[in-house]
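Structure, as structure tokens:
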Amino acid sequence: MPSYDLECQKCAKRFSVFCSISQKDYQACPYCGSDQITQRFTSVNIGGKSVGRDIGASGESYAPRPRFG
Ligand SMILES: [Zn+2]
């Protein structure tokens, strides 16, 4: 069963749940009980190999480039 990293939009707490994908959208925040939950896109194990990487809270995925001229 996969795990999902979720974040509460009400209290900004982050937590993980183990559930089927159909149940993922019906989770409630364990801290405040809000159902305004969004999924965080972090590392996810699919088929036993790690395919994700931590892109940080800002979602920034670009590596800094050296400047020309
Ligand atoms: Zn909450």
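Residue numbering restarts at 1 in every chain; chains get A, B, ... in the order shown in the structure tokens, and ligands count up from 1 in that same order.
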
| request: Might you pull out every residue within 8 Å of A:Pro2, with only C-alpha atoms counted and same-chain residues fewer than 4 positions away left off, and present them as a list in words? | output: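 So the residues in contact are Phe18, Cys19, Ser20, Ile21 and Asn45 of chain A.
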
Deliver the residues from the most recent selection as a file, using C-alpha atoms, as a PDB file, in the first residue's frame.
ATOM      1  CA  PHE A  18      -0.954   4.868   4.180  1.00  0.00           C
ATOM      2  CA  CYS A  19      -4.026   4.230   2.103  1.00  0.00           C
ATOM      3  CA  SER A  20      -5.210   3.280  -1.335  1.00  0.00           C
ATOM      4  CA  ILE A  21      -5.239   5.968  -4.000  1.00  0.00           C
ATOM      5  CA  ASN A  45       8.674   4.721  -4.129  1.00  0.00           C
TER       6      ASN A  45
END

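Proximity to stretch 3-13 of chain A at 6 Å, evaluated using only C-alpha atoms and with sequence-adjacent residues fewer than 6 positions away removed, yields Gln36, Ile37, Thr38, Gln39 and Arg40 of chain A.
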
| When distances are computed from only C-alpha atoms and all ligand atoms, which of A:Tyr26, A:Phe41, A:Phe68, A:Tyr31 shows the smallest separation from ligand 1? | A:Tyr31

| said: Quick check, in Å to one decimal: how far apart do atom CA of A:Asp35 and atom CA of A:Val17 lie? | reply: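 Atom-to-atom, atom CA of A:Asp35 to atom CA of A:Val17, that is 13.6 Å.
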
| query | Could you work out how far atom CA of A:Ser34 lies from atom CA of A:Met1, giving the answer in Å with one decimal? | reply | 23.6 Å
